[in-house]
Every structure is written in C-alpha cells, then in structure tokens.
>>> print(open('structure.cif').read())   # mmCIF, C-alpha atoms and all ligand atoms
data_my_file
#
loop_
_atom_site.group_PDB
_atom_site.id
_atom_site.type_symbol
_atom_site.label_atom_id
_atom_site.label_comp_id
_atom_site.auth_asym_id
_atom_site.auth_seq_id
_atom_site.Cartn_x
_atom_site.Cartn_y
_atom_site.Cartn_z
ATOM 1 C CA MET T 5 -176.852 75.485 -17.719
ATOM 2 C CA LEU T 6 -179.808 77.467 -19.069
ATOM 3 C CA GLN T 7 -179.333 81.187 -19.574
ATOM 4 C CA ARG T 8 -180.934 84.029 -21.529
ATOM 5 C CA LEU T 9 -179.858 83.997 -25.174
ATOM 6 C CA ASP T 10 -179.037 87.743 -25.240
ATOM 7 C CA LYS T 11 -176.811 87.330 -22.179
ATOM 8 C CA ALA T 12 -175.132 84.236 -23.663
ATOM 9 C CA LEU T 13 -174.472 86.164 -26.905
ATOM 10 C CA SER T 14 -172.912 89.153 -25.180
ATOM 11 C CA ASN T 15 -170.823 86.807 -23.007
ATOM 12 C CA THR T 16 -169.050 85.640 -26.166
ATOM 13 C CA GLY T 17 -167.274 88.995 -26.456
ATOM 14 C CA LEU T 18 -168.222 88.952 -30.161
ATOM 15 C CA LEU T 19 -171.250 91.182 -29.672
ATOM 16 C CA THR T 20 -172.098 93.884 -27.187
ATOM 17 C CA ARG T 21 -175.501 93.615 -25.503
ATOM 18 C CA SER T 22 -177.007 96.099 -27.967
ATOM 19 C CA GLN T 23 -175.397 94.421 -31.011
ATOM 20 C CA ALA T 24 -176.848 91.119 -29.776
ATOM 21 C CA LYS T 25 -180.275 92.771 -29.563
ATOM 22 C CA ASP T 26 -179.944 94.120 -33.131
ATOM 23 C CA ALA T 27 -178.737 90.754 -34.460
ATOM 24 C CA LEU T 28 -181.733 89.033 -32.877
ATOM 25 C CA LYS T 29 -184.126 91.626 -34.306
ATOM 26 C CA ALA T 30 -182.613 91.138 -37.767
ATOM 27 C CA GLY T 31 -183.131 87.348 -37.598
ATOM 28 C CA ARG T 32 -179.380 86.660 -37.767
ATOM 29 C CA ILE T 33 -179.329 84.353 -34.754
ATOM 30 C CA GLN T 34 -180.377 80.713 -34.910
ATOM 31 C CA CYS T 35 -180.556 78.105 -32.235
ATOM 32 C CA ASP T 36 -180.389 74.475 -33.425
ATOM 33 C CA GLY T 37 -181.233 75.676 -36.944
ATOM 34 C CA VAL T 38 -184.253 77.786 -35.961
ATOM 35 C CA ILE T 39 -184.286 81.607 -36.003
ATOM 36 C CA VAL T 40 -184.751 83.048 -32.534
ATOM 37 C CA TRP T 41 -186.080 86.610 -32.282
ATOM 38 C CA ASP T 42 -186.440 86.886 -28.554
ATOM 39 C CA GLY T 43 -183.337 87.458 -26.417
ATOM 40 C CA ALA T 44 -185.195 86.323 -23.311
ATOM 41 C CA VAL T 45 -185.417 82.745 -24.608
ATOM 42 C CA LYS T 46 -183.490 80.368 -22.348
ATOM 43 C CA VAL T 47 -180.755 78.322 -24.036
ATOM 44 C CA ASP T 48 -178.110 75.857 -22.937
ATOM 45 C CA PRO T 49 -174.971 76.953 -24.800
ATOM 46 C CA GLU T 50 -173.121 73.774 -23.815
ATOM 47 C CA VAL T 51 -175.682 71.651 -25.653
ATOM 48 C CA GLN T 52 -177.346 73.803 -28.327
ATOM 49 C CA ALA T 53 -175.788 75.005 -31.586
ATOM 50 C CA ILE T 54 -176.026 78.789 -31.734
ATOM 51 C CA THR T 55 -175.167 80.556 -34.979
ATOM 52 C CA LEU T 56 -174.716 84.139 -36.167
ATOM 53 C CA ASP T 57 -175.298 84.517 -39.921
ATOM 54 C CA GLY T 58 -175.055 80.738 -40.176
ATOM 55 C CA GLU T 59 -171.623 80.575 -38.483
ATOM 56 C CA ARG T 60 -171.442 78.551 -35.298
ATOM 57 C CA ILE T 61 -170.371 80.730 -32.387
ATOM 58 C CA SER T 62 -168.990 79.498 -29.172
ATOM 59 C CA VAL T 63 -171.187 80.732 -26.354
ATOM 60 C CA GLY T 64 -170.081 78.276 -23.685
ATOM 61 C CA THR T 65 -166.696 78.663 -22.067
ATOM 62 C CA VAL T 66 -163.695 78.671 -24.349
ATOM 63 C CA ILE T 67 -160.398 76.865 -23.799
ATOM 64 C CA LEU T 68 -157.661 77.390 -26.360
ATOM 65 C CA MET T 69 -154.230 75.840 -26.700
ATOM 66 C CA LEU T 70 -151.371 77.843 -28.214
ATOM 67 C CA ASN T 71 -148.040 76.423 -29.302
ATOM 68 C CA LYS T 72 -146.124 79.501 -28.206
ATOM 69 C CA PRO T 73 -143.065 80.560 -30.198
ATOM 70 C CA ALA T 74 -140.103 82.325 -28.559
ATOM 71 C CA GLY T 75 -140.155 86.123 -28.594
ATOM 72 C CA PHE T 76 -143.694 86.722 -27.271
ATOM 73 C CA VAL T 77 -144.406 87.850 -23.706
ATOM 74 C CA THR T 78 -147.282 86.313 -21.750
ATOM 75 C CA SER T 79 -149.211 89.476 -21.113
ATOM 76 C CA THR T 80 -152.329 91.114 -22.483
ATOM 77 C CA GLN T 81 -150.383 94.235 -23.482
ATOM 78 C CA ASP T 82 -146.793 95.362 -23.506
ATOM 79 C CA PRO T 83 -145.183 98.660 -24.575
ATOM 80 C CA ARG T 84 -142.142 96.970 -26.166
ATOM 81 C CA ASP T 85 -142.662 93.319 -26.917
ATOM 82 C CA LYS T 86 -145.103 91.295 -28.985
ATOM 83 C CA THR T 87 -147.650 89.603 -26.721
ATOM 84 C CA VAL T 88 -149.171 86.133 -26.921
ATOM 85 C CA MET T 89 -152.568 87.815 -27.430
ATOM 86 C CA GLU T 90 -151.447 88.757 -30.954
ATOM 87 C CA LEU T 91 -151.460 85.034 -31.779
ATOM 88 C CA ILE T 92 -155.058 84.540 -30.590
ATOM 89 C CA PRO T 93 -157.756 84.698 -33.317
ATOM 90 C CA SER T 94 -159.605 88.025 -33.130
ATOM 91 C CA GLN T 95 -162.973 86.464 -32.233
ATOM 92 C CA TYR T 96 -161.497 85.181 -28.953
ATOM 93 C CA ARG T 97 -158.983 87.921 -28.176
ATOM 94 C CA ARG T 98 -161.239 90.106 -26.031
ATOM 95 C CA ARG T 99 -162.614 87.118 -24.250
ATOM 96 C CA VAL T 100 -159.810 84.887 -23.002
ATOM 97 C CA ALA T 101 -156.729 85.321 -20.819
ATOM 98 C CA PRO T 102 -153.591 83.192 -20.551
ATOM 99 C CA VAL T 103 -153.572 80.489 -17.868
ATOM 100 C CA GLY T 104 -150.332 81.120 -16.003
ATOM 101 C CA ARG T 105 -147.344 82.283 -18.013
ATOM 102 C CA LEU T 106 -144.384 81.221 -20.086
ATOM 103 C CA ASP T 107 -141.244 83.386 -20.261
ATOM 104 C CA LYS T 108 -140.611 85.381 -23.421
ATOM 105 C CA GLU T 109 -138.062 82.839 -24.692
ATOM 106 C CA THR T 110 -139.944 79.703 -23.569
ATOM 107 C CA GLU T 111 -141.875 77.848 -26.266
ATOM 108 C CA GLY T 112 -144.715 75.352 -26.175
ATOM 109 C CA LEU T 113 -148.072 74.709 -24.598
ATOM 110 C CA LEU T 114 -149.953 77.699 -23.213
ATOM 111 C CA LEU T 115 -153.672 77.569 -22.411
ATOM 112 C CA PHE T 116 -156.152 80.429 -22.609
ATOM 113 C CA THR T 117 -159.663 80.508 -21.199
ATOM 114 C CA ASP T 118 -162.532 82.717 -20.123
ATOM 115 C CA ASP T 119 -163.353 80.289 -17.317
ATOM 116 C CA GLY T 120 -161.880 81.914 -14.220
ATOM 117 C CA ASP T 121 -162.556 78.910 -11.963
ATOM 118 C CA LEU T 122 -160.751 76.546 -14.319
ATOM 119 C CA ALA T 123 -157.795 78.945 -14.646
ATOM 120 C CA HIS T 124 -157.598 79.199 -10.870
ATOM 121 C CA PHE T 125 -157.728 75.410 -10.528
ATOM 122 C CA LEU T 126 -154.906 74.926 -13.035
ATOM 123 C CA ILE T 127 -152.657 77.590 -11.541
ATOM 124 C CA SER T 128 -153.113 76.859 -7.847
ATOM 125 C CA PRO T 129 -150.212 74.846 -6.361
ATOM 126 C CA LYS T 130 -152.824 73.269 -4.069
ATOM 127 C CA HIS T 131 -154.056 71.115 -6.959
ATOM 128 C CA GLN T 132 -150.571 69.981 -8.045
ATOM 129 C CA VAL T 133 -151.331 70.095 -11.783
ATOM 130 C CA PRO T 134 -148.290 68.563 -13.537
ATOM 131 C CA LYS T 135 -146.451 70.530 -16.233
ATOM 132 C CA ILE T 136 -143.750 68.835 -18.281
ATOM 133 C CA TYR T 137 -140.833 70.725 -19.826
ATOM 134 C CA TYR T 138 -138.052 69.775 -22.204
ATOM 135 C CA ALA T 139 -134.831 71.685 -21.465
ATOM 136 C CA ARG T 140 -131.458 72.024 -23.101
ATOM 137 C CA HIS T 141 -128.900 73.172 -20.603
ATOM 138 C CA GLU T 142 -125.269 73.505 -19.689
ATOM 139 C CA GLY T 143 -123.670 70.604 -17.839
ATOM 140 C CA GLU T 144 -125.133 67.170 -17.335
ATOM 141 C CA ALA T 145 -127.836 66.112 -14.884
ATOM 142 C CA THR T 146 -126.609 63.538 -12.353
ATOM 143 C CA GLN T 147 -128.388 61.129 -10.014
ATOM 144 C CA GLU T 148 -127.686 63.630 -7.183
ATOM 145 C CA ASP T 149 -129.581 66.290 -9.168
ATOM 146 C CA VAL T 150 -132.460 63.848 -9.714
ATOM 147 C CA ALA T 151 -132.587 63.147 -5.956
ATOM 148 C CA ALA T 152 -132.393 66.860 -5.081
ATOM 149 C CA PHE T 153 -135.348 67.620 -7.409
ATOM 150 C CA SER T 154 -137.410 64.799 -5.926
ATOM 151 C CA GLN T 155 -136.787 66.026 -2.388
ATOM 152 C CA GLY T 156 -137.844 69.598 -3.224
ATOM 153 C CA LEU T 157 -135.166 72.144 -4.095
ATOM 154 C CA THR T 158 -134.353 75.342 -2.290
ATOM 155 C CA LEU T 159 -133.532 78.084 -4.802
ATOM 156 C CA LYS T 160 -130.614 80.496 -4.463
ATOM 157 C CA ASP T 161 -132.887 83.179 -2.918
ATOM 158 C CA GLY T 162 -134.201 80.707 -0.303
ATOM 159 C CA THR T 163 -137.499 79.895 -2.094
ATOM 160 C CA SER T 164 -138.634 76.313 -1.427
ATOM 161 C CA CYS T 165 -140.014 74.254 -4.311
ATOM 162 C CA LEU T 166 -142.372 71.297 -4.175
ATOM 163 C CA PRO T 167 -140.831 67.931 -5.080
ATOM 164 C CA ALA T 168 -140.289 67.730 -8.845
ATOM 165 C CA ARG T 169 -139.087 65.146 -11.346
ATOM 166 C CA LEU T 170 -135.846 65.496 -13.293
ATOM 167 C CA GLU T 171 -135.165 62.960 -16.046
ATOM 168 C CA PRO T 172 -131.791 63.238 -17.782
ATOM 169 C CA LEU T 173 -132.280 62.546 -21.515
ATOM 170 C CA GLY T 174 -128.661 62.809 -22.589
ATOM 171 C CA PRO T 175 -125.764 65.239 -22.270
ATOM 172 C CA GLY T 176 -127.255 68.722 -21.741
ATOM 173 C CA GLU T 177 -130.872 67.587 -22.191
ATOM 174 C CA SER T 178 -133.503 66.853 -19.547
ATOM 175 C CA ARG T 179 -137.230 66.495 -18.991
ATOM 176 C CA ILE T 180 -138.570 68.251 -15.907
ATOM 177 C CA THR T 181 -142.006 67.817 -14.324
ATOM 178 C CA VAL T 182 -143.215 70.447 -11.863
ATOM 179 C CA CYS T 183 -146.557 70.881 -10.105
ATOM 180 C CA GLU T 184 -146.400 74.615 -9.436
ATOM 181 C CA GLY T 185 -145.641 77.730 -11.452
ATOM 182 C CA LYS T 186 -143.233 80.036 -9.660
ATOM 183 C CA TYR T 187 -141.538 82.842 -11.595
ATOM 184 C CA HIS T 188 -138.836 81.386 -13.914
ATOM 185 C CA GLN T 189 -139.264 78.184 -11.951
ATOM 186 C CA VAL T 190 -137.564 75.630 -14.182
ATOM 187 C CA ARG T 191 -134.708 77.940 -15.150
ATOM 188 C CA ARG T 192 -134.099 78.777 -11.479
ATOM 189 C CA MET T 193 -134.335 75.142 -10.377
ATOM 190 C CA MET T 194 -131.810 74.074 -12.982
ATOM 191 C CA ALA T 195 -129.543 77.052 -12.193
ATOM 192 C CA SER T 196 -129.584 76.086 -8.506
ATOM 193 C CA ARG T 197 -127.908 72.809 -9.569
ATOM 194 C CA GLY T 198 -125.399 74.587 -11.827
ATOM 195 C CA MET T 199 -127.216 73.819 -15.097
ATOM 196 C CA SER T 200 -128.058 77.021 -16.908
ATOM 197 C CA VAL T 201 -131.021 76.504 -19.304
ATOM 198 C CA THR T 202 -130.405 77.496 -22.937
ATOM 199 C CA TYR T 203 -133.735 76.316 -24.389
ATOM 200 C CA LEU T 204 -137.068 75.526 -22.733
ATOM 201 C CA GLU T 205 -140.300 74.112 -24.104
ATOM 202 C CA ARG T 206 -143.476 73.189 -22.205
ATOM 203 C CA GLN T 207 -144.660 69.920 -23.692
ATOM 204 C CA SER T 208 -147.587 69.082 -21.461
ATOM 205 C CA GLU T 209 -149.962 70.491 -18.858
ATOM 206 C CA SER T 210 -152.375 68.356 -16.861
ATOM 207 C CA GLY T 211 -151.969 65.515 -19.363
ATOM 208 C CA LEU T 212 -152.676 67.723 -22.413
ATOM 209 C CA THR T 213 -150.010 67.641 -25.106
ATOM 210 C CA LEU T 214 -149.312 69.766 -28.178
ATOM 211 C CA GLY T 215 -149.739 66.852 -30.592
ATOM 212 C CA ASP T 216 -149.054 68.116 -34.117
ATOM 213 C CA LEU T 217 -150.159 71.706 -33.451
ATOM 214 C CA PRO T 218 -147.575 73.805 -35.348
ATOM 215 C CA ARG T 219 -145.562 76.463 -33.517
ATOM 216 C CA GLY T 220 -147.452 79.771 -33.443
ATOM 217 C CA GLU T 221 -150.844 78.100 -34.035
ATOM 218 C CA VAL T 222 -153.916 77.985 -31.799
ATOM 219 C CA ARG T 223 -156.726 75.455 -31.522
ATOM 220 C CA LEU T 224 -159.789 74.847 -29.386
ATOM 221 C CA LEU T 225 -159.561 71.873 -27.040
ATOM 222 C CA THR T 226 -161.641 68.871 -28.055
ATOM 223 C CA GLN T 227 -164.569 67.968 -25.833
ATOM 224 C CA GLY T 228 -162.642 64.952 -24.504
ATOM 225 C CA GLU T 229 -159.609 67.087 -23.663
ATOM 226 C CA GLU T 230 -161.814 69.639 -21.942
ATOM 227 C CA MET T 231 -163.540 66.978 -19.844
ATOM 228 C CA ALA T 232 -160.215 65.437 -18.827
ATOM 229 C CA LEU T 233 -158.850 68.866 -17.915
ATOM 230 C CA ARG T 234 -161.874 69.613 -15.733
ATOM 231 C CA ARG T 235 -161.518 66.234 -14.015
ATOM 232 C CA GLY T 236 -157.919 67.230 -13.250
ATOM 233 C CA ASN T 237 -156.008 64.680 -15.331
HETATM 234 N N1 LIG T 301 -140.212 77.749 -15.918
HETATM 235 C C1 LIG T 301 -139.434 78.722 -16.435
HETATM 236 O O1 LIG T 301 -138.336 78.938 -15.980
HETATM 237 N N2 LIG T 301 -139.902 79.401 -17.477
HETATM 238 C C2 LIG T 301 -141.097 79.177 -18.036
HETATM 239 O O2 LIG T 301 -141.460 79.848 -18.999
HETATM 240 C C3 LIG T 301 -141.898 78.166 -17.485
HETATM 241 C C4 LIG T 301 -141.425 77.468 -16.422
#
>>> encode(input="structure.cif", output="structure tokens", more="lines below")
Ligand code: URA
Amino acid sequence: MLQRLDKALSNTGLLTRSQAKDALKAGRIQCDGVIVWDGAVKVDPEVQAITLDGERISVGTVILMLNKPAGFVTSTQDPRDKTVMELIPSQYRRRVAPVGRLDKETEGLLLFTDDGDLAHFLISPKHQVPKIYYARHEGEATQEDVAAFSQGLTLKDGTSCLPARLEPLGPGESRITVCEGKYHQVRRMMASRGMSVTYLERQSESGLTLGDLPRGEVRLLTQGEEMALRRGN
C-alpha cells in the first residue's frame, strides 16, 4: 500500500517525525538505491527497499519470533521481573508488542508484532488458531484424559474450555494442542485431570515452529511464514 515516505519512516519507531525529516534533508534515506529528499514521495514499504545510511530498515509491519527462556514475564514493563521486551532487539522494542502471553516459567515460541489486526486474529478464540505445547507433568495421561480433553474440559473454577488434543508421549510427558489462550490454560487443564505441570514449552503456533532458533534468540519471520500466518495456517 502506498504511503508518504516520512510517515512510513516515523511508523518504524526508529525515527520520530522530525528525525525522519532531518534524515531526508541530509540525504541519508534511499529508496531502491536512490536518495529521496522529499518526505511527501509515495512509497510501498512492502515492495520497495528503504535504507537509512545504507542499512535496510523495515518500514512495513514487523513480525518477530522469540524462543522465550524461563524467568521472563510477558509484559512490556514489570517492577520486579525481567520482561520479554528485554530480549527484543532495540530497533524493534518501541514498536512491537507480544501476541498473547506465556507464563514466566513457560518457554518457547512467542510472537511479537506491530500489526494490531494480525495480533487480534491470532489471539481471538473465534479463529481457533492452534497452539502446540510440550509438557512434563506428574502422573500419566490416560485414554480417559484424552477423551476428556477432546470433549472440552471444565476447569476447577467452572471455566469451560474448547475441545483440545492431548497426546501422551510417555510417562509424565504429553503434547497438548489448544485453540484458545485462557490464563494458565494448559497448566489448569492438566491440573483438572490431576496432572500437575512441571515444565511447559510452546512448540508451535498457527503452524509456525521454532526450528533451530536458540533459546533466548529472536528472528524476523520469513516472507513465506508471514504469508502462511496471514492466511491462518
Ligand atoms: N498455558 C499455560 O498454562 N501457560 C502458558 O504459558 C501457556 C499456555
């Protein structure tokens, strides 16, 4: 979508509107390899390569994947704990927000974006976006537990859950697929069947997986991943 270059630059969060104006005036901004002086020029940030001092900057929407380590809270600020924002590279930190949340001790895949519509789509239970977790837990999952998950559990406080998938992997280990994101959902679902979770990792969301992204590291989604995410698979 075409938009004014100065607006696109300030939307990155890297530059304020007046810094963008100064950068343009100083000839520091190029579009497809050509210096652009005029902020009113219309550009398509999804298609054109825009650079600041020769460095490509992302002026379209941004979607990042973090392999979250334990010990970080999913919040933009916290008086006591380290937040997941501390793991986000500084050029994106002011721009993106986490999509949903993982508990402080949960590890694994957490997305961040500045695209509010996409975040809403991914979080809304209406769209049934699947999220896959690996859990270590007390006890052993039985076929009755599998059936109870698939019928839709009722938690101890009376909360109803959508049907979910429980796959026992071995003694004290299971894979759980849920299509909603209630508070402490997986831990509470497992607890409702007498299996207290001792370790939890999100391995996948909407078909995206961590691949070989190391724990604590962040990467931009590839174009293919982004397209698949927007299609909803
Ligand atoms: N379910 C939980 O219980 N915790 C998480 O962090 C994510 C899903």
>>> residues_near_ligand(input="structure.cif", ligand="ligand LIG 301 (chain T)", cutoff="10 Å", atoms="only C-alpha atoms and all ligand atoms", output="PDB file with C-alpha atoms, keeping the file's coordinate frame")
ATOM      1  CA  ALA T  74    -140.103  82.325 -28.559  1.00  0.00           C
ATOM      2  CA  VAL T  77    -144.406  87.850 -23.706  1.00  0.00           C
ATOM      3  CA  THR T  78    -147.282  86.313 -21.750  1.00  0.00           C
ATOM      4  CA  GLY T 104    -150.332  81.120 -16.003  1.00  0.00           C
ATOM      5  CA  ARG T 105    -147.344  82.283 -18.013  1.00  0.00           C
ATOM      6  CA  LEU T 106    -144.384  81.221 -20.086  1.00  0.00           C
ATOM      7  CA  ASP T 107    -141.244  83.386 -20.261  1.00  0.00           C
ATOM      8  CA  LYS T 108    -140.611  85.381 -23.421  1.00  0.00           C
ATOM      9  CA  GLU T 109    -138.062  82.839 -24.692  1.00  0.00           C
ATOM     10  CA  THR T 110    -139.944  79.703 -23.569  1.00  0.00           C
ATOM     11  CA  GLU T 111    -141.875  77.848 -26.266  1.00  0.00           C
ATOM     12  CA  GLY T 112    -144.715  75.352 -26.175  1.00  0.00           C
ATOM     13  CA  LEU T 114    -149.953  77.699 -23.213  1.00  0.00           C
ATOM     14  CA  LYS T 135    -146.451  70.530 -16.233  1.00  0.00           C
ATOM     15  CA  ILE T 136    -143.750  68.835 -18.281  1.00  0.00           C
ATOM     16  CA  TYR T 137    -140.833  70.725 -19.826  1.00  0.00           C
ATOM     17  CA  ALA T 139    -134.831  71.685 -21.465  1.00  0.00           C
ATOM     18  CA  ILE T 180    -138.570  68.251 -15.907  1.00  0.00           C
ATOM     19  CA  THR T 181    -142.006  67.817 -14.324  1.00  0.00           C
ATOM     20  CA  VAL T 182    -143.215  70.447 -11.863  1.00  0.00           C
ATOM     21  CA  GLU T 184    -146.400  74.615  -9.436  1.00  0.00           C
ATOM     22  CA  GLY T 185    -145.641  77.730 -11.452  1.00  0.00           C
ATOM     23  CA  LYS T 186    -143.233  80.036  -9.660  1.00  0.00           C
ATOM     24  CA  TYR T 187    -141.538  82.842 -11.595  1.00  0.00           C
ATOM     25  CA  HIS T 188    -138.836  81.386 -13.914  1.00  0.00           C
ATOM     26  CA  GLN T 189    -139.264  78.184 -11.951  1.00  0.00           C
ATOM     27  CA  VAL T 190    -137.564  75.630 -14.182  1.00  0.00           C
ATOM     28  CA  ARG T 191    -134.708  77.940 -15.150  1.00  0.00           C
ATOM     29  CA  ARG T 192    -134.099  78.777 -11.479  1.00  0.00           C
ATOM     30  CA  MET T 193    -134.335  75.142 -10.377  1.00  0.00           C
ATOM     31  CA  MET T 194    -131.810  74.074 -12.982  1.00  0.00           C
ATOM     32  CA  ALA T 195    -129.543  77.052 -12.193  1.00  0.00           C
ATOM     33  CA  VAL T 201    -131.021  76.504 -19.304  1.00  0.00           C
ATOM     34  CA  TYR T 203    -133.735  76.316 -24.389  1.00  0.00           C
ATOM     35  CA  LEU T 204    -137.068  75.526 -22.733  1.00  0.00           C
ATOM     36  CA  GLU T 205    -140.300  74.112 -24.104  1.00  0.00           C
ATOM     37  CA  ARG T 206    -143.476  73.189 -22.205  1.00  0.00           C
TER      38      ARG T 206
END
>>> closest_atom_pairs(input="structure.cif", of="range 58-122 of chain T", to="range 14-18 of chain T", cutoff="7 Å", atoms="only C-alpha atoms", output="JSON lines")
{"residue": "T:Ser62", "atom": "CA", "partner": "T:Thr16", "partner_atom": "CA", "distance": 6.8}
{"residue": "T:Val63", "atom": "CA", "partner": "T:Thr16", "partner_atom": "CA", "distance": 5.4}
{"residue": "T:Gln95", "atom": "CA", "partner": "T:Leu18", "partner_atom": "CA", "distance": 6.2}
{"residue": "T:Arg98", "atom": "CA", "partner": "T:Gly17", "partner_atom": "CA", "distance": 6.2}
{"residue": "T:Arg99", "atom": "CA", "partner": "T:Gly17", "partner_atom": "CA", "distance": 5.5}
>>> closest_residue(input="structure.cif", among="T:Arg169, T:His141, T:Arg219, T:Arg8", to="Asp42 in chain T", atoms="only C-alpha atoms")
T:Arg8
>>> closest_residue(input="structure.cif", among="T:Arg140, T:Arg60, T:Arg223, T:Lys46", to="Leu9 in chain T", atoms="only C-alpha atoms")
T:Lys46
>>> resolve_selection(input="structure.cif", expression="the PyMOL selection byres (((chain T and resi 164) around 12) and not hetatm)", output="ChimeraX atom specification")
/T:152-153,155-163,165-168,184,186,189,192-193,196
>>> atom_distance(input="structure.cif", atom1="CA of Glu209 in chain T", atom2="CA of Tyr96 in chain T")
21.2 Å
>>> resolve_selection(input="structure.cif", expression="the PyMOL selection byres (((chain T and resi 31) around 12) and not hetatm)", output="MDAnalysis selection string")
chainID T and resid 24:30 32:35 37:43 55:58
>>> atom_distance(input="structure.cif", atom1="CA of Gln52 in chain T", atom2="CA of Val66 in chain T")
15.0 Å
>>> closest_residue(input="structure.cif", among="T:Lys72, T:Lys130, T:Lys11, T:Lys86", to="Leu115 in chain T", atoms="only C-alpha atoms")
T:Lys72
>>> closest_residue(input="structure.cif", among="T:Val45, T:Glu148, T:Asp36, T:Ala232", to="Asp10 in chain T", atoms="all atoms listed in the file")
T:Val45
>>> resolve_selection(input="structure.cif", expression="the PyMOL selection byres (((chain T and resi 235) around 12) and not hetatm)", output="JSON, numbers by chain")
{"T": [122, 125, 126, 131, 133, 210, 211, 228, 229, 230, 231, 232, 233, 234, 236, 237]}
>>> axis_aligned_box(input="structure.cif", around="range 168-179 of chain T", padding_each_side="4 Å", output="JSON")
{"center_x": -133.0, "center_y": 65.6, "center_z": -15.7, "size_x": 22.5, "size_y": 14.2, "size_z": 21.7}
>>> closest_residue(input="structure.cif", among="T:Asp85, T:Asp216, T:Glu171, T:Asp48", to="Leu6 in chain T", atoms="all atoms listed in the file")
T:Asp48
>>> residues_around(input="structure.cif", residues="Glu221 in chain T", least_positions_apart="2", cutoff="10 Å", atoms="all atoms listed in the file", output="PDB file with C-alpha atoms, in the coordinates of the input")
ATOM      1  CA  MET T  69    -154.230  75.840 -26.700  1.00  0.00           C
ATOM      2  CA  LEU T  70    -151.371  77.843 -28.214  1.00  0.00           C
ATOM      3  CA  ASN T  71    -148.040  76.423 -29.302  1.00  0.00           C
ATOM      4  CA  LYS T  72    -146.124  79.501 -28.206  1.00  0.00           C
ATOM      5  CA  PRO T  73    -143.065  80.560 -30.198  1.00  0.00           C
ATOM      6  CA  LEU T  91    -151.460  85.034 -31.779  1.00  0.00           C
ATOM      7  CA  ILE T  92    -155.058  84.540 -30.590  1.00  0.00           C
ATOM      8  CA  PRO T  93    -157.756  84.698 -33.317  1.00  0.00           C
ATOM      9  CA  LEU T 217    -150.159  71.706 -33.451  1.00  0.00           C
ATOM     10  CA  PRO T 218    -147.575  73.805 -35.348  1.00  0.00           C
ATOM     11  CA  ARG T 219    -145.562  76.463 -33.517  1.00  0.00           C
ATOM     12  CA  ARG T 223    -156.726  75.455 -31.522  1.00  0.00           C
TER      13      ARG T 223
END
>>> build_atoms(input="structure.cif", residues="range 23-28 of chain T", atoms="all heavy atoms", output="PDB file, in the coordinates of the input")
ATOM      1  N   GLN T  23    -175.591  95.101 -29.703  1.00  0.00           N
ATOM      2  CA  GLN T  23    -175.397  94.421 -31.011  1.00  0.00           C
ATOM      3  C   GLN T  23    -176.135  93.085 -31.023  1.00  0.00           C
ATOM      4  O   GLN T  23    -176.687  92.682 -32.050  1.00  0.00           O
ATOM      5  CB  GLN T  23    -173.907  94.182 -31.266  1.00  0.00           C
ATOM      6  CG  GLN T  23    -173.152  95.434 -31.668  1.00  0.00           C
ATOM      7  CD  GLN T  23    -171.651  95.217 -31.670  1.00  0.00           C
ATOM      8  OE1 GLN T  23    -171.124  94.353 -30.964  1.00  0.00           O
ATOM      9  NE2 GLN T  23    -170.945  96.016 -32.458  1.00  0.00           N
ATOM     10  N   ALA T  24    -176.137  92.398 -29.865  1.00  0.00           N
ATOM     11  CA  ALA T  24    -176.848  91.119 -29.776  1.00  0.00           C
ATOM     12  C   ALA T  24    -178.344  91.359 -30.005  1.00  0.00           C
ATOM     13  O   ALA T  24    -179.001  90.601 -30.732  1.00  0.00           O
ATOM     14  CB  ALA T  24    -176.602  90.474 -28.414  1.00  0.00           C
ATOM     15  N   LYS T  25    -178.851  92.445 -29.405  1.00  0.00           N
ATOM     16  CA  LYS T  25    -180.275  92.771 -29.563  1.00  0.00           C
ATOM     17  C   LYS T  25    -180.595  93.028 -31.044  1.00  0.00           C
ATOM     18  O   LYS T  25    -181.582  92.508 -31.591  1.00  0.00           O
ATOM     19  CB  LYS T  25    -180.582  94.031 -28.734  1.00  0.00           C
ATOM     20  CG  LYS T  25    -181.942  94.023 -28.107  1.00  0.00           C
ATOM     21  CD  LYS T  25    -182.033  95.070 -27.041  1.00  0.00           C
ATOM     22  CE  LYS T  25    -183.113  96.051 -27.461  1.00  0.00           C
ATOM     23  NZ  LYS T  25    -183.091  97.290 -26.731  1.00  0.00           N
ATOM     24  N   ASP T  26    -179.724  93.806 -31.705  1.00  0.00           N
ATOM     25  CA  ASP T  26    -179.944  94.120 -33.131  1.00  0.00           C
ATOM     26  C   ASP T  26    -179.874  92.855 -33.987  1.00  0.00           C
ATOM     27  O   ASP T  26    -180.672  92.680 -34.918  1.00  0.00           O
ATOM     28  CB  ASP T  26    -178.886  95.116 -33.632  1.00  0.00           C
ATOM     29  CG  ASP T  26    -179.085  96.490 -33.017  1.00  0.00           C
ATOM     30  OD1 ASP T  26    -180.171  96.723 -32.442  1.00  0.00           O
ATOM     31  OD2 ASP T  26    -178.144  97.303 -33.085  1.00  0.00           O
ATOM     32  N   ALA T  27    -178.893  91.985 -33.675  1.00  0.00           N
ATOM     33  CA  ALA T  27    -178.737  90.754 -34.460  1.00  0.00           C
ATOM     34  C   ALA T  27    -179.974  89.865 -34.315  1.00  0.00           C
ATOM     35  O   ALA T  27    -180.432  89.257 -35.296  1.00  0.00           O
ATOM     36  CB  ALA T  27    -177.478  90.004 -34.017  1.00  0.00           C
ATOM     37  N   LEU T  28    -180.509  89.826 -33.112  1.00  0.00           N
ATOM     38  CA  LEU T  28    -181.733  89.033 -32.877  1.00  0.00           C
ATOM     39  C   LEU T  28    -182.889  89.619 -33.682  1.00  0.00           C
ATOM     40  O   LEU T  28    -183.619  88.905 -34.367  1.00  0.00           O
ATOM     41  CB  LEU T  28    -182.087  89.035 -31.383  1.00  0.00           C
ATOM     42  CG  LEU T  28    -181.240  88.095 -30.510  1.00  0.00           C
ATOM     43  CD1 LEU T  28    -181.240  88.534 -29.055  1.00  0.00           C
ATOM     44  CD2 LEU T  28    -181.759  86.666 -30.634  1.00  0.00           C
TER      45      LEU T  28
END
